[in-house]
Amino acid sequence: MFEVTNIDERTMDRDIYLRNIITEKEEECFDNSIGYSDDNNFLFMRIGSKYECKILLIGDQTKEENEEACKLFFAEERLIKIGKYKFLRVYLDKEEYYILEDEIFCNDEDKYIIFDFFRKDLLEVDGHISPMYID
């Protein structure tokens, strides 16, 4: 569960600042859902309100850890379908995130991957899936 602490609005997208109410971790998430749909977007989110959110990490798998790449540990039930896409559920420290499955090379025995992400996107909020991943 996350609480919205701030929203930075722009014409076709925005940054939504969230705080995990359990771990207290602050997240800055990109939201461009309004650019994809007039009625299926995340415009309903309000500062001070709480939502169940799934956060998507945008980046690339790498072979070695470095200053920008980190270990993402797979959840026990790692593969999940959201909309029409398959995602991998991963953990960075105590935080749960998602990455697109089709971009990752791993086998069932792997416990983690090395991933270099440059952005966090809102994937799902209170059961509403980002319009980018519905079709």
# chains A, B, ... in the order shown; residues from 1 in each chain; ligands from 1
call {"tool": "closest_atom_pairs", "arguments": {"of": "region 9-72 of chain A", "to": "region 76-100 of chain A", "cutoff": "6 Å", "atoms": "only C-alpha atoms", "output": "Markdown table"}}
result
| residue | atom | partner | partner_atom | distance |
| --- | --- | --- | --- | --- |
| A:Ile55 | CA | A:Tyr97 | CA | 5.3 |
| A:Leu56 | CA | A:Tyr98 | CA | 4.7 |
| A:Leu57 | CA | A:Ile99 | CA | 5.5 |
| A:Leu72 | CA | A:Leu92 | CA | 5.3 |
call {"tool": "select_by_dssp", "arguments": {"residues": "chain A", "states": "helix (DSSP H, G or I)", "output": "list in words"}}
result
Ser33, Ile34, Gly35, Glu101, Asp102, Glu103, Pro131, Met132 and Tyr133 of chain A
call {"tool": "closest_residue", "arguments": {"among": "A:Ile113, A:Ile21, A:Ile58, A:Leu122", "to": "Ala75 (chain A)", "atoms": "only C-alpha atoms"}}
result
A:Ile113
call {"tool": "residues_around", "arguments": {"residues": "region 37-52 of chain A", "least_positions_apart": "3", "cutoff": "6 Å", "atoms": "only C-alpha atoms", "output": "list in words"}}
result
Met1, Phe2, Glu3, Val4, Thr5, Asn6, Ser33, Ile34, Val125 and Asp126 of chain A
call {"tool": "atom_distance", "arguments": {"atom1": "CA of Glu109 (chain A)", "atom2": "CA of Phe74 (chain A)"}}
result
10.2 Å
call {"tool": "closest_residue", "arguments": {"among": "A:Gly127, A:Phe118, A:Glu68, A:Glu103", "to": "Glu28 (chain A)", "atoms": "only C-alpha atoms"}}
result
A:Phe118
call {"tool": "residues_around", "arguments": {"residues": "Phe30 (chain A)", "least_positions_apart": "4", "cutoff": "9 Å", "atoms": "only C-alpha atoms", "output": "count of residues only"}}
result
9
call {"tool": "select_by_dssp", "arguments": {"residues": "chain A", "states": "strand (DSSP E or B)", "output": "PyMOL selection string"}}
result
chain A and resi 2-9+14-20+26-31+50-51+53-62+70-82+85-92+95-100+112-125+128-129
call {"tool": "closest_residue", "arguments": {"among": "A:Ile22, A:Cys70, A:Cys53, A:Met132", "to": "Asp116 (chain A)", "atoms": "only C-alpha atoms"}}
result
A:Cys70
